[in-house]
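Below is one structure, written out as structure tokens, with a few remarks after it.
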Amino acid sequence: MRIFKRKGIWYIDFSVEAKGERRRIRKAVGPSKREAEEALAVERGKILSGTFDINRFVESITFNELSSEYIEYIELHKKSFKRDMTSLRKLRAEFGDIRLNKITPFDVEKYKMKRRKEVSPASVNRELACIKYMFNLAIKWGKTTKNPVKDVKLFKEKNRRLRFLNEDEIIRLIDSCSDQLRPVIITAIYTGMRRGEILNLKWDDIDFNRNLIQIDETKSGSPRDVPMNDFLRQTMLELKSRLS
């Protein structure tokens with residue numbers, strides 16, 4: 001272990017056993033020899049006590065590099081990957097070339113406040129959730145050791161009171177629909193299915209004998225059966241007859 005001076009700057013220089021191999025560490029301290037000696041003594045003490053962390057000296061990948069690996073991952077593992085892609089465009093513009101171990105909670109907080117001036121609290125929260133998940137994966141993959149988003153608080157979102165349509169309103173809504181839209185609206189009202197689930201339905205998914213709609217691709221990834229009432233069943237039969 002030693003200190004040395006180069007172009008007016010003092011460095012610490014030492015080797016340490018880490019992760020099964022010998023690693024050489026060089027780090028600039030500053031113009032003071034005394035501070036370099038103290039810094040070296042601190043690192044020596046950490047090595048002797050077993051608290052030395054090699055990750056402090058290892059240069060991590062950039063946020064853009066993590067993003068590329070993350071995209072490959074979510075395309076296979078997340079149903080909501082399109083929403084994450086929207087968040088990533090903003091996140092990469094902010095953190096792109098910064099290395100993961102250089103991104104601090106303060107950096108994330110600044111991003112949070114900056115985005116709040118542009119979009120709703122809910123949108124900011126979705127972006128924060130995305131980057132938090134990315135860092136959790138990066139830790140799992142051995143790309144970094146800390147998650148700077150962990151202690152960043154989300155914005156409070158206004159929970160709107162839900163109001164359901166009454167029977168007269170439902171009838172007026174259905175009557176006002178075009179022939180093409182009417183089956184979609186009826187299905188949504190009487191099943192609670194999501195728009196994507198309805199628009200992706202095939203006739204093979206509808207079991208008229210058991211009065212069930214079978215959904216294979218759900219948000220949770222688990223298939224489910226949705227019951228049809230008589231009105232929805234008749235609507236589907238009429239639509240099938242009209243399209244035949």
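Every chain in the structure tokens takes a letter, A first, then B, and so on in the order presented; its residues are numbered from 1, and the ligands are numbered from 1 following the presented order.
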
Open item on the list: If we count only C-alpha atoms and set the cut-off at 12 Å, which residues sit around Lys90 (chain A), ignoring sequence neighbours fewer than 4 positions away in its own chain? Please answer as a PyMOL selection string.
Closed with: chain A and resi 64+67+83-86+94-96+111-112+114-115+118-119+123-124+126-128+130-131

Keeping only N, CA and C atoms, take the residues you just selected and write them out as a PDB file, in the first residue's frame.
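So the final result, stored in again.pdb, reads:
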ATOM      1  N   ASN A  64     -28.060   4.109 -19.823  1.00  0.00           N
ATOM      2  CA  ASN A  64     -28.439   3.662 -21.168  1.00  0.00           C
ATOM      3  C   ASN A  64     -28.135   2.179 -21.363  1.00  0.00           C
ATOM      4  N   SER A  67     -30.687   0.273 -19.577  1.00  0.00           N
ATOM      5  CA  SER A  67     -31.960   0.371 -20.300  1.00  0.00           C
ATOM      6  C   SER A  67     -32.051  -0.672 -21.406  1.00  0.00           C
ATOM      7  N   ARG A  83     -45.952   0.570 -21.611  1.00  0.00           N
ATOM      8  CA  ARG A  83     -46.001   1.722 -20.699  1.00  0.00           C
ATOM      9  C   ARG A  83     -44.601   2.054 -20.196  1.00  0.00           C
ATOM     10  N   ASP A  84     -43.805   1.021 -19.924  1.00  0.00           N
ATOM     11  CA  ASP A  84     -42.430   1.240 -19.483  1.00  0.00           C
ATOM     12  C   ASP A  84     -41.589   1.898 -20.573  1.00  0.00           C
ATOM     13  N   MET A  85     -41.853   1.568 -21.813  1.00  0.00           N
ATOM     14  CA  MET A  85     -41.105   2.177 -22.922  1.00  0.00           C
ATOM     15  C   MET A  85     -41.361   3.679 -22.972  1.00  0.00           C
ATOM     16  N   THR A  86     -42.597   4.083 -22.668  1.00  0.00           N
ATOM     17  CA  THR A  86     -42.913   5.511 -22.616  1.00  0.00           C
ATOM     18  C   THR A  86     -42.127   6.186 -21.504  1.00  0.00           C
ATOM     19  N   GLU A  94     -32.816  11.965 -19.325  1.00  0.00           N
ATOM     20  CA  GLU A  94     -32.289  12.585 -18.104  1.00  0.00           C
ATOM     21  C   GLU A  94     -31.009  11.915 -17.595  1.00  0.00           C
ATOM     22  N   PHE A  95     -30.993  10.571 -17.593  1.00  0.00           N
ATOM     23  CA  PHE A  95     -29.905   9.844 -16.941  1.00  0.00           C
ATOM     24  C   PHE A  95     -29.002   9.066 -17.898  1.00  0.00           C
ATOM     25  N   GLY A  96     -29.297   9.125 -19.199  1.00  0.00           N
ATOM     26  CA  GLY A  96     -28.670   8.276 -20.202  1.00  0.00           C
ATOM     27  C   GLY A  96     -27.220   7.859 -20.003  1.00  0.00           C
ATOM     28  N   TYR A 111     -35.303  15.169 -10.739  1.00  0.00           N
ATOM     29  CA  TYR A 111     -36.062  14.696 -11.900  1.00  0.00           C
ATOM     30  C   TYR A 111     -37.558  14.675 -11.582  1.00  0.00           C
ATOM     31  N   LYS A 112     -37.888  14.197 -10.401  1.00  0.00           N
ATOM     32  CA  LYS A 112     -39.285  14.125  -9.960  1.00  0.00           C
ATOM     33  C   LYS A 112     -39.946  15.503  -9.981  1.00  0.00           C
ATOM     34  N   LYS A 114     -38.921  18.205 -11.583  1.00  0.00           N
ATOM     35  CA  LYS A 114     -38.907  18.730 -12.956  1.00  0.00           C
ATOM     36  C   LYS A 114     -40.088  18.171 -13.755  1.00  0.00           C
ATOM     37  N   ARG A 115     -40.319  16.872 -13.644  1.00  0.00           N
ATOM     38  CA  ARG A 115     -41.398  16.240 -14.405  1.00  0.00           C
ATOM     39  C   ARG A 115     -42.779  16.662 -13.883  1.00  0.00           C
ATOM     40  N   GLU A 118     -44.469  19.224 -15.752  1.00  0.00           N
ATOM     41  CA  GLU A 118     -44.836  18.879 -17.131  1.00  0.00           C
ATOM     42  C   GLU A 118     -46.016  17.922 -17.229  1.00  0.00           C
ATOM     43  N   VAL A 119     -46.138  17.020 -16.239  1.00  0.00           N
ATOM     44  CA  VAL A 119     -47.194  15.998 -16.306  1.00  0.00           C
ATOM     45  C   VAL A 119     -47.859  15.838 -14.940  1.00  0.00           C
ATOM     46  N   SER A 123     -48.494  10.304 -13.569  1.00  0.00           N
ATOM     47  CA  SER A 123     -47.513  10.004 -14.617  1.00  0.00           C
ATOM     48  C   SER A 123     -46.093   9.991 -14.054  1.00  0.00           C
ATOM     49  N   VAL A 124     -45.793  10.948 -13.177  1.00  0.00           N
ATOM     50  CA  VAL A 124     -44.470  10.973 -12.541  1.00  0.00           C
ATOM     51  C   VAL A 124     -44.269   9.705 -11.720  1.00  0.00           C
ATOM     52  N   ARG A 126     -45.531   6.781 -12.185  1.00  0.00           N
ATOM     53  CA  ARG A 126     -45.291   5.627 -13.043  1.00  0.00           C
ATOM     54  C   ARG A 126     -43.825   5.593 -13.499  1.00  0.00           C
ATOM     55  N   GLU A 127     -43.263   6.764 -13.774  1.00  0.00           N
ATOM     56  CA  GLU A 127     -41.864   6.832 -14.199  1.00  0.00           C
ATOM     57  C   GLU A 127     -40.924   6.473 -13.048  1.00  0.00           C
ATOM     58  N   LEU A 128     -41.262   6.926 -11.843  1.00  0.00           N
ATOM     59  CA  LEU A 128     -40.449   6.582 -10.676  1.00  0.00           C
ATOM     60  C   LEU A 128     -40.530   5.082 -10.381  1.00  0.00           C
ATOM     61  N   CYS A 130     -40.949   2.799 -12.568  1.00  0.00           N
ATOM     62  CA  CYS A 130     -40.158   2.140 -13.611  1.00  0.00           C
ATOM     63  C   CYS A 130     -38.673   2.148 -13.265  1.00  0.00           C
ATOM     64  N   ILE A 131     -38.126   3.317 -12.914  1.00  0.00           N
ATOM     65  CA  ILE A 131     -36.693   3.401 -12.631  1.00  0.00           C
ATOM     66  C   ILE A 131     -36.346   2.656 -11.337  1.00  0.00           C
TER      67      ILE A 131
END

Skipping near chain neighbours, those fewer than 4 positions away, what residues fall within 12 Å of Gly192 (chain A) using only C-alpha atoms, listed as a short mmCIF file (atom, residue, chain, number, x, y, z; two decimals) with N, CA and C atoms, in the first residue's frame?
data_model
loop_
_atom_site.label_atom_id
_atom_site.label_comp_id
_atom_site.auth_asym_id
_atom_site.auth_seq_id
_atom_site.Cartn_x
_atom_site.Cartn_y
_atom_site.Cartn_z
N PHE A 164 -71.24 4.85 -10.82
CA PHE A 164 -71.70 3.87 -11.79
C PHE A 164 -72.95 4.37 -12.51
N VAL A 184 -69.27 -3.81 -28.41
CA VAL A 184 -68.11 -3.51 -27.56
C VAL A 184 -68.56 -2.90 -26.25
N ILE A 185 -69.47 -1.91 -26.33
CA ILE A 185 -69.95 -1.23 -25.14
C ILE A 185 -70.74 -2.18 -24.23
N ILE A 186 -71.58 -3.01 -24.85
CA ILE A 186 -72.37 -3.97 -24.06
C ILE A 186 -71.45 -4.95 -23.34
N THR A 187 -70.43 -5.42 -24.03
CA THR A 187 -69.48 -6.34 -23.41
C THR A 187 -68.76 -5.68 -22.24
N ALA A 188 -68.34 -4.44 -22.44
CA ALA A 188 -67.62 -3.71 -21.38
C ALA A 188 -68.52 -3.51 -20.15
N GLY A 196 -58.52 -3.80 -24.32
CA GLY A 196 -57.67 -4.69 -25.11
C GLY A 196 -58.20 -6.11 -25.13
N GLU A 197 -58.77 -6.57 -24.02
CA GLU A 197 -59.32 -7.92 -23.95
C GLU A 197 -60.53 -8.05 -24.87
N ILE A 198 -61.36 -7.01 -24.90
CA ILE A 198 -62.55 -7.05 -25.76
C ILE A 198 -62.16 -7.03 -27.23
N ILE A 213 -67.05 -16.31 -21.56
CA ILE A 213 -66.01 -15.76 -22.42
C ILE A 213 -64.66 -16.15 -21.80
N VAL A 226 -65.13 -15.39 -18.01
CA VAL A 226 -66.06 -14.31 -17.67
C VAL A 226 -67.47 -14.74 -18.07
N PRO A 227 -68.42 -14.74 -17.15
CA PRO A 227 -69.79 -15.18 -17.48
C PRO A 227 -70.52 -14.15 -18.34
N MET A 228 -71.40 -14.63 -19.22
CA MET A 228 -72.25 -13.77 -20.04
C MET A 228 -73.68 -13.84 -19.52
#

Open item on the list: When you count only C-alpha atoms, which of these residues is closest to Tyr190 (chain A): A:Asp230, A:Glu38, A:Asp225, A:Glu69?
Closed with: A:Asp230

Task: Who sits within 7 Å of region 136-148 of chain A, only C-alpha atoms, same chain under 5 positions skipped, as a ChimeraX atom specification - done: /A:60-61,100-101,103-105

Please identify which residues in region 16-151 of chain A DSSP calls helix (DSSP H, G or I) from the backbone, and express them as a JSON list (two decimals) with N, CA and C atoms, in the first residue's frame.
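Output file selection-v9.json follows:
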[["chain", "number", "residue", "atom", "x", "y", "z"],
["A", 33, "LYS", "N", -0.80, 15.79, 0.85],
["A", 33, "LYS", "CA", -0.18, 14.51, 1.15],
["A", 33, "LYS", "C", -0.78, 13.91, 2.42],
["A", 34, "ARG", "N", -1.04, 14.76, 3.40],
["A", 34, "ARG", "CA", -1.58, 14.28, 4.67],
["A", 34, "ARG", "C", -2.95, 13.64, 4.46],
["A", 35, "GLU", "N", -3.81, 14.26, 3.64],
["A", 35, "GLU", "CA", -5.12, 13.69, 3.38],
["A", 35, "GLU", "C", -5.01, 12.35, 2.66],
["A", 36, "ALA", "N", -4.02, 12.22, 1.77],
["A", 36, "ALA", "CA", -3.79, 10.96, 1.08],
["A", 36, "ALA", "C", -3.38, 9.88, 2.07],
["A", 37, "GLU", "N", -2.50, 10.22, 3.02],
["A", 37, "GLU", "CA", -2.06, 9.26, 4.04],
["A", 37, "GLU", "C", -3.24, 8.83, 4.91],
["A", 38, "GLU", "N", -4.08, 9.78, 5.26],
["A", 38, "GLU", "CA", -5.26, 9.46, 6.08],
["A", 38, "GLU", "C", -6.24, 8.59, 5.31],
["A", 39, "ALA", "N", -6.44, 8.89, 4.03],
["A", 39, "ALA", "CA", -7.35, 8.09, 3.20],
["A", 39, "ALA", "C", -6.85, 6.66, 3.07],
["A", 40, "LEU", "N", -5.53, 6.50, 2.92],
["A", 40, "LEU", "CA", -4.96, 5.17, 2.81],
["A", 40, "LEU", "C", -5.13, 4.41, 4.12],
["A", 41, "ALA", "N", -4.95, 5.11, 5.24],
["A", 41, "ALA", "CA", -5.12, 4.48, 6.54],
["A", 41, "ALA", "C", -6.55, 4.00, 6.74],
["A", 42, "VAL", "N", -7.52, 4.79, 6.26],
["A", 42, "VAL", "CA", -8.93, 4.41, 6.37],
["A", 42, "VAL", "C", -9.19, 3.12, 5.59],
["A", 43, "GLU", "N", -8.69, 3.06, 4.36],
["A", 43, "GLU", "CA", -8.90, 1.86, 3.54],
["A", 43, "GLU", "C", -8.19, 0.65, 4.15],
["A", 44, "ARG", "N", -7.02, 0.84, 4.73],
["A", 44, "ARG", "CA", -6.31, -0.25, 5.39],
["A", 44, "ARG", "C", -7.14, -0.79, 6.55],
["A", 45, "GLY", "N", -7.73, 0.14, 7.33],
["A", 45, "GLY", "CA", -8.56, -0.27, 8.45],
["A", 45, "GLY", "C", -9.78, -1.07, 8.01],
["A", 46, "LYS", "N", -10.40, -0.67, 6.89],
["A", 46, "LYS", "CA", -11.57, -1.39, 6.37],
["A", 46, "LYS", "C", -11.19, -2.79, 5.91],
["A", 47, "ILE", "N", -10.01, -2.91, 5.28],
["A", 47, "ILE", "CA", -9.56, -4.22, 4.82],
["A", 47, "ILE", "C", -9.33, -5.14, 6.02],
["A", 48, "LEU", "N", -8.68, -4.62, 7.06],
["A", 48, "LEU", "CA", -8.37, -5.42, 8.24],
["A", 48, "LEU", "C", -9.63, -5.82, 9.01],
["A", 49, "SER", "N", -10.64, -4.93, 9.00],
["A", 49, "SER", "CA", -11.88, -5.22, 9.74],
["A", 49, "SER", "C", -12.89, -6.01, 8.93],
["A", 54, "ILE", "N", -15.45, -3.32, -2.35],
["A", 54, "ILE", "CA", -14.80, -3.15, -3.64],
["A", 54, "ILE", "C", -15.68, -2.39, -4.62],
["A", 55, "ASN", "N", -17.01, -2.46, -4.44],
["A", 55, "ASN", "CA", -17.93, -1.83, -5.39],
["A", 55, "ASN", "C", -17.79, -0.30, -5.41],
["A", 56, "ARG", "N", -17.22, 0.28, -4.35],
["A", 56, "ARG", "CA", -17.03, 1.73, -4.34],
["A", 56, "ARG", "C", -16.01, 2.17, -5.38],
["A", 63, "PHE", "N", -26.72, 4.25, -17.40],
["A", 63, "PHE", "CA", -28.17, 4.04, -17.38],
["A", 63, "PHE", "C", -28.66, 3.58, -18.76],
["A", 64, "ASN", "N", -28.06, 4.11, -19.82],
["A", 64, "ASN", "CA", -28.44, 3.66, -21.17],
["A", 64, "ASN", "C", -28.14, 2.18, -21.36],
["A", 65, "GLU", "N", -27.00, 1.73, -20.84],
["A", 65, "GLU", "CA", -26.64, 0.31, -20.97],
["A", 65, "GLU", "C", -27.62, -0.56, -20.19],
["A", 66, "LEU", "N", -27.99, -0.10, -18.99],
["A", 66, "LEU", "CA", -29.00, -0.84, -18.22],
["A", 66, "LEU", "C", -30.33, -0.85, -18.96],
["A", 67, "SER", "N", -30.69, 0.27, -19.58],
["A", 67, "SER", "CA", -31.96, 0.37, -20.30],
["A", 67, "SER", "C", -32.05, -0.67, -21.41],
["A", 68, "SER", "N", -30.96, -0.86, -22.13],
["A", 68, "SER", "CA", -30.96, -1.84, -23.23],
["A", 68, "SER", "C", -31.22, -3.24, -22.70],
["A", 69, "GLU", "N", -30.59, -3.59, -21.58],
["A", 69, "GLU", "CA", -30.80, -4.91, -20.99],
["A", 69, "GLU", "C", -32.22, -5.02, -20.41],
["A", 70, "TYR", "N", -32.70, -3.91, -19.88],
["A", 70, "TYR", "CA", -34.03, -3.89, -19.28],
["A", 70, "TYR", "C", -35.10, -4.11, -20.35],
["A", 71, "ILE", "N", -34.94, -3.48, -21.50],
["A", 71, "ILE", "CA", -35.90, -3.62, -22.59],
["A", 71, "ILE", "C", -36.02, -5.09, -23.02],
["A", 72, "GLU", "N", -34.88, -5.75, -23.15],
["A", 72, "GLU", "CA", -34.89, -7.17, -23.52],
["A", 72, "GLU", "C", -35.64, -7.99, -22.47],
["A", 73, "TYR", "N", -35.47, -7.61, -21.21],
["A", 73, "TYR", "CA", -36.09, -8.35, -20.12],
["A", 73, "TYR", "C", -37.61, -8.16, -20.10],
["A", 74, "ILE", "N", -38.07, -6.90, -20.18],
["A", 74, "ILE", "CA", -39.51, -6.66, -20.02],
["A", 74, "ILE", "C", -40.31, -7.15, -21.22],
["A", 75, "GLU", "N", -39.69, -7.20, -22.39],
["A", 75, "GLU", "CA", -40.41, -7.72, -23.56],
["A", 75, "GLU", "C", -40.83, -9.16, -23.34],
["A", 76, "LEU", "N", -40.10, -9.88, -22.49],
["A", 76, "LEU", "CA", -40.41, -11.28, -22.21],
["A", 76, "LEU", "C", -41.18, -11.47, -20.92],
["A", 77, "HIS", "N", -41.03, -10.54, -19.97],
["A", 77, "HIS", "CA", -41.54, -10.78, -18.63],
["A", 77, "HIS", "C", -42.63, -9.83, -18.16],
["A", 81, "PHE", "N", -45.06, -3.66, -20.75],
["A", 81, "PHE", "CA", -43.77, -3.15, -21.23],
["A", 81, "PHE", "C", -43.93, -1.92, -22.13],
["A", 82, "LYS", "N", -45.07, -1.77, -22.80],
["A", 82, "LYS", "CA", -45.27, -0.58, -23.64],
["A", 82, "LYS", "C", -45.34, 0.67, -22.78],
["A", 83, "ARG", "N", -45.95, 0.57, -21.61],
["A", 83, "ARG", "CA", -46.00, 1.72, -20.70],
["A", 83, "ARG", "C", -44.60, 2.05, -20.20],
["A", 84, "ASP", "N", -43.80, 1.02, -19.92],
["A", 84, "ASP", "CA", -42.43, 1.24, -19.48],
["A", 84, "ASP", "C", -41.59, 1.90, -20.57],
["A", 85, "MET", "N", -41.85, 1.57, -21.81],
["A", 85, "MET", "CA", -41.10, 2.18, -22.92],
["A", 85, "MET", "C", -41.36, 3.68, -22.97],
["A", 86, "THR", "N", -42.60, 4.08, -22.67],
["A", 86, "THR", "CA", -42.91, 5.51, -22.62],
["A", 86, "THR", "C", -42.13, 6.19, -21.50],
["A", 87, "SER", "N", -42.07, 5.56, -20.33],
["A", 87, "SER", "CA", -41.31, 6.11, -19.21],
["A", 87, "SER", "C", -39.82, 6.16, -19.54],
["A", 88, "LEU", "N", -39.33, 5.14, -20.20],
["A", 88, "LEU", "CA", -37.89, 5.05, -20.51],
["A", 88, "LEU", "C", -37.41, 6.20, -21.39],
["A", 89, "ARG", "N", -38.25, 6.65, -22.30],
["A", 89, "ARG", "CA", -37.83, 7.74, -23.18],
["A", 89, "ARG", "C", -37.47, 8.99, -22.36],
["A", 90, "LYS", "N", -38.25, 9.27, -21.34],
["A", 90, "LYS", "CA", -37.98, 10.43, -20.48],
["A", 90, "LYS", "C", -36.79, 10.15, -19.56],
["A", 91, "LEU", "N", -36.74, 8.96, -19.01],
["A", 91, "LEU", "CA", -35.67, 8.62, -18.08],
["A", 91, "LEU", "C", -34.30, 8.59, -18.76],
["A", 92, "ARG", "N", -34.27, 8.07, -19.98],
["A", 92, "ARG", "CA", -32.99, 8.02, -20.70],
["A", 92, "ARG", "C", -32.51, 9.41, -21.08],
["A", 93, "ALA", "N", -33.45, 10.29, -21.39],
["A", 93, "ALA", "CA", -33.07, 11.67, -21.72],
["A", 93, "ALA", "C", -32.42, 12.35, -20.53],
["A", 94, "GLU", "N", -32.82, 11.96, -19.33],
["A", 94, "GLU", "CA", -32.29, 12.58, -18.10],
["A", 94, "GLU", "C", -31.01, 11.91, -17.60],
["A", 95, "PHE", "N", -30.99, 10.57, -17.59],
["A", 95, "PHE", "CA", -29.90, 9.84, -16.94],
["A", 95, "PHE", "C", -29.00, 9.07, -17.90],
["A", 100, "LEU", "N", -24.54, 4.12, -13.12],
["A", 100, "LEU", "CA", -25.54, 3.82, -12.10],
["A", 100, "LEU", "C", -25.10, 4.24, -10.70],
["A", 101, "ASN", "N", -23.82, 4.00, -10.37],
["A", 101, "ASN", "CA", -23.38, 4.34, -9.02],
["A", 101, "ASN", "C", -23.16, 5.83, -8.82],
["A", 102, "LYS", "N", -23.37, 6.63, -9.87],
["A", 102, "LYS", "CA", -23.26, 8.08, -9.76],
["A", 102, "LYS", "C", -24.63, 8.75, -9.64],
["A", 105, "PRO", "N", -30.05, 9.82, -4.81],
["A", 105, "PRO", "CA", -31.45, 10.14, -4.50],
["A", 105, "PRO", "C", -31.79, 11.59, -4.82],
["A", 106, "PHE", "N", -30.82, 12.50, -4.65],
["A", 106, "PHE", "CA", -31.05, 13.90, -4.97],
["A", 106, "PHE", "C", -31.28, 14.09, -6.47],
["A", 107, "ASP", "N", -30.55, 13.34, -7.30],
["A", 107, "ASP", "CA", -30.74, 13.41, -8.75],
["A", 107, "ASP", "C", -32.16, 12.98, -9.12],
["A", 108, "VAL", "N", -32.61, 11.90, -8.49],
["A", 108, "VAL", "CA", -33.96, 11.39, -8.76],
["A", 108, "VAL", "C", -35.01, 12.38, -8.27],
["A", 109, "GLU", "N", -34.75, 13.00, -7.12],
["A", 109, "GLU", "CA", -35.68, 13.99, -6.57],
["A", 109, "GLU", "C", -35.80, 15.19, -7.51],
["A", 110, "LYS", "N", -34.68, 15.63, -8.07],
["A", 110, "LYS", "CA", -34.70, 16.75, -9.02],
["A", 110, "LYS", "C", -35.50, 16.38, -10.26],
["A", 111, "TYR", "N", -35.30, 15.17, -10.74],
["A", 111, "TYR", "CA", -36.06, 14.70, -11.90],
["A", 111, "TYR", "C", -37.56, 14.68, -11.58],
["A", 112, "LYS", "N", -37.89, 14.20, -10.40],
["A", 112, "LYS", "CA", -39.28, 14.13, -9.96],
["A", 112, "LYS", "C", -39.95, 15.50, -9.98],
["A", 113, "MET", "N", -39.27, 16.51, -9.43],
["A", 113, "MET", "CA", -39.84, 17.85, -9.38],
["A", 113, "MET", "C", -39.90, 18.49, -10.76],
["A", 114, "LYS", "N", -38.92, 18.21, -11.58],
["A", 114, "LYS", "CA", -38.91, 18.73, -12.96],
["A", 114, "LYS", "C", -40.09, 18.17, -13.75],
["A", 115, "ARG", "N", -40.32, 16.87, -13.64],
["A", 115, "ARG", "CA", -41.40, 16.24, -14.40],
["A", 115, "ARG", "C", -42.78, 16.66, -13.88],
["A", 116, "ARG", "N", -42.86, 16.98, -12.58],
["A", 116, "ARG", "CA", -44.15, 17.39, -12.03],
["A", 116, "ARG", "C", -44.65, 18.67, -12.68],
["A", 121, "PRO", "N", -49.18, 14.05, -11.34],
["A", 121, "PRO", "CA", -48.50, 13.25, -10.32],
["A", 121, "PRO", "C", -48.51, 11.76, -10.64],
["A", 122, "ALA", "N", -49.63, 11.28, -11.18],
["A", 122, "ALA", "CA", -49.73, 9.85, -11.51],
["A", 122, "ALA", "C", -48.70, 9.46, -12.56],
["A", 123, "SER", "N", -48.49, 10.30, -13.57],
["A", 123, "SER", "CA", -47.51, 10.00, -14.62],
["A", 123, "SER", "C", -46.09, 9.99, -14.05],
["A", 124, "VAL", "N", -45.79, 10.95, -13.18],
["A", 124, "VAL", "CA", -44.47, 10.97, -12.54],
["A", 124, "VAL", "C", -44.27, 9.70, -11.72],
["A", 125, "ASN", "N", -45.28, 9.30, -10.99],
["A", 125, "ASN", "CA", -45.18, 8.09, -10.16],
["A", 125, "ASN", "C", -44.93, 6.85, -10.99],
["A", 126, "ARG", "N", -45.53, 6.78, -12.19],
["A", 126, "ARG", "CA", -45.29, 5.63, -13.04],
["A", 126, "ARG", "C", -43.83, 5.59, -13.50],
["A", 127, "GLU", "N", -43.26, 6.76, -13.77],
["A", 127, "GLU", "CA", -41.86, 6.83, -14.20],
["A", 127, "GLU", "C", -40.92, 6.47, -13.05],
["A", 128, "LEU", "N", -41.26, 6.93, -11.84],
["A", 128, "LEU", "CA", -40.45, 6.58, -10.68],
["A", 128, "LEU", "C", -40.53, 5.08, -10.38],
["A", 129, "ALA", "N", -41.70, 4.51, -10.55],
["A", 129, "ALA", "CA", -41.86, 3.07, -10.35],
["A", 129, "ALA", "C", -41.01, 2.29, -11.34],
["A", 130, "CYS", "N", -40.95, 2.80, -12.57],
["A", 130, "CYS", "CA", -40.16, 2.14, -13.61],
["A", 130, "CYS", "C", -38.67, 2.15, -13.27],
["A", 131, "ILE", "N", -38.13, 3.32, -12.91],
["A", 131, "ILE", "CA", -36.69, 3.40, -12.63],
["A", 131, "ILE", "C", -36.35, 2.66, -11.34],
["A", 132, "LYS", "N", -37.27, 2.64, -10.37],
["A", 132, "LYS", "CA", -37.03, 1.88, -9.15],
["A", 132, "LYS", "C", -36.92, 0.39, -9.45],
["A", 133, "TYR", "N", -37.79, -0.10, -10.29],
["A", 133, "TYR", "CA", -37.76, -1.52, -10.68],
["A", 133, "TYR", "C", -36.48, -1.83, -11.46],
["A", 134, "MET", "N", -36.06, -0.89, -12.29],
["A", 134, "MET", "CA", -34.83, -1.08, -13.06],
["A", 134, "MET", "C", -33.62, -1.23, -12.12],
["A", 135, "PHE", "N", -33.55, -0.39, -11.11],
["A", 135, "PHE", "CA", -32.43, -0.47, -10.17],
["A", 135, "PHE", "C", -32.49, -1.75, -9.34],
["A", 136, "ASN", "N", -33.70, -2.18, -8.99],
["A", 136, "ASN", "CA", -33.82, -3.45, -8.25],
["A", 136, "ASN", "C", -33.28, -4.61, -9.08],
["A", 137, "LEU", "N", -33.59, -4.59, -10.37],
["A", 137, "LEU", "CA", -33.07, -5.62, -11.26],
["A", 137, "LEU", "C", -31.56, -5.49, -11.42],
["A", 138, "ALA", "N", -31.06, -4.25, -11.52],
["A", 138, "ALA", "CA", -29.62, -4.02, -11.67],
["A", 138, "ALA", "C", -28.85, -4.57, -10.46],
["A", 139, "ILE", "N", -29.43, -4.42, -9.27],
["A", 139, "ILE", "CA", -28.81, -4.98, -8.06],
["A", 139, "ILE", "C", -28.82, -6.50, -8.14],
["A", 140, "LYS", "N", -29.96, -7.05, -8.55],
["A", 140, "LYS", "CA", -30.09, -8.50, -8.68],
["A", 140, "LYS", "C", -29.10, -9.06, -9.70]]

- [ ] Would you list the contacts of region 168-171 of chain A as a ChimeraX atom specification, taking every protein, DNA or RNA residue within 9 Å and counting only C-alpha atoms, but skipping same-chain residues closer than 4 positions in sequence?
- [x] /A:175-176,189

Next, write the just-selected residues to a file, as a compact mmCIF listing (two decimals), in the first residue's frame, keeping N, CA and C atoms as the atom set.
# COMPACT_ATOMS: atom_id res chain seq x y z
N ASP A 175 -78.22 2.75 -26.75
CA ASP A 175 -79.04 3.21 -27.88
C ASP A 175 -78.31 4.24 -28.75
N SER A 176 -77.39 4.98 -28.14
CA SER A 176 -76.69 6.02 -28.90
C SER A 176 -75.50 5.47 -29.69
N ILE A 189 -69.79 -3.13 -20.39
CA ILE A 189 -70.71 -2.84 -19.29
C ILE A 189 -71.01 -4.09 -18.47

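Interatomic distance, CA of Val149 (chain A) to CA of Lys117 (chain A): 19.4 Å.
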
TODO: Please indicate the distance in Å from CA of Leu239 (chain A) to CA of Pro183 (chain A), rounded to one decimal place.
DONE: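 CA of Pro183 (chain A) lies 7.6 Å from CA of Leu239 (chain A).
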
Task: Between CA of Asp216 (chain A) and CA of Arg182 (chain A), distance in Å (one decimal) - done: 23.5 Å
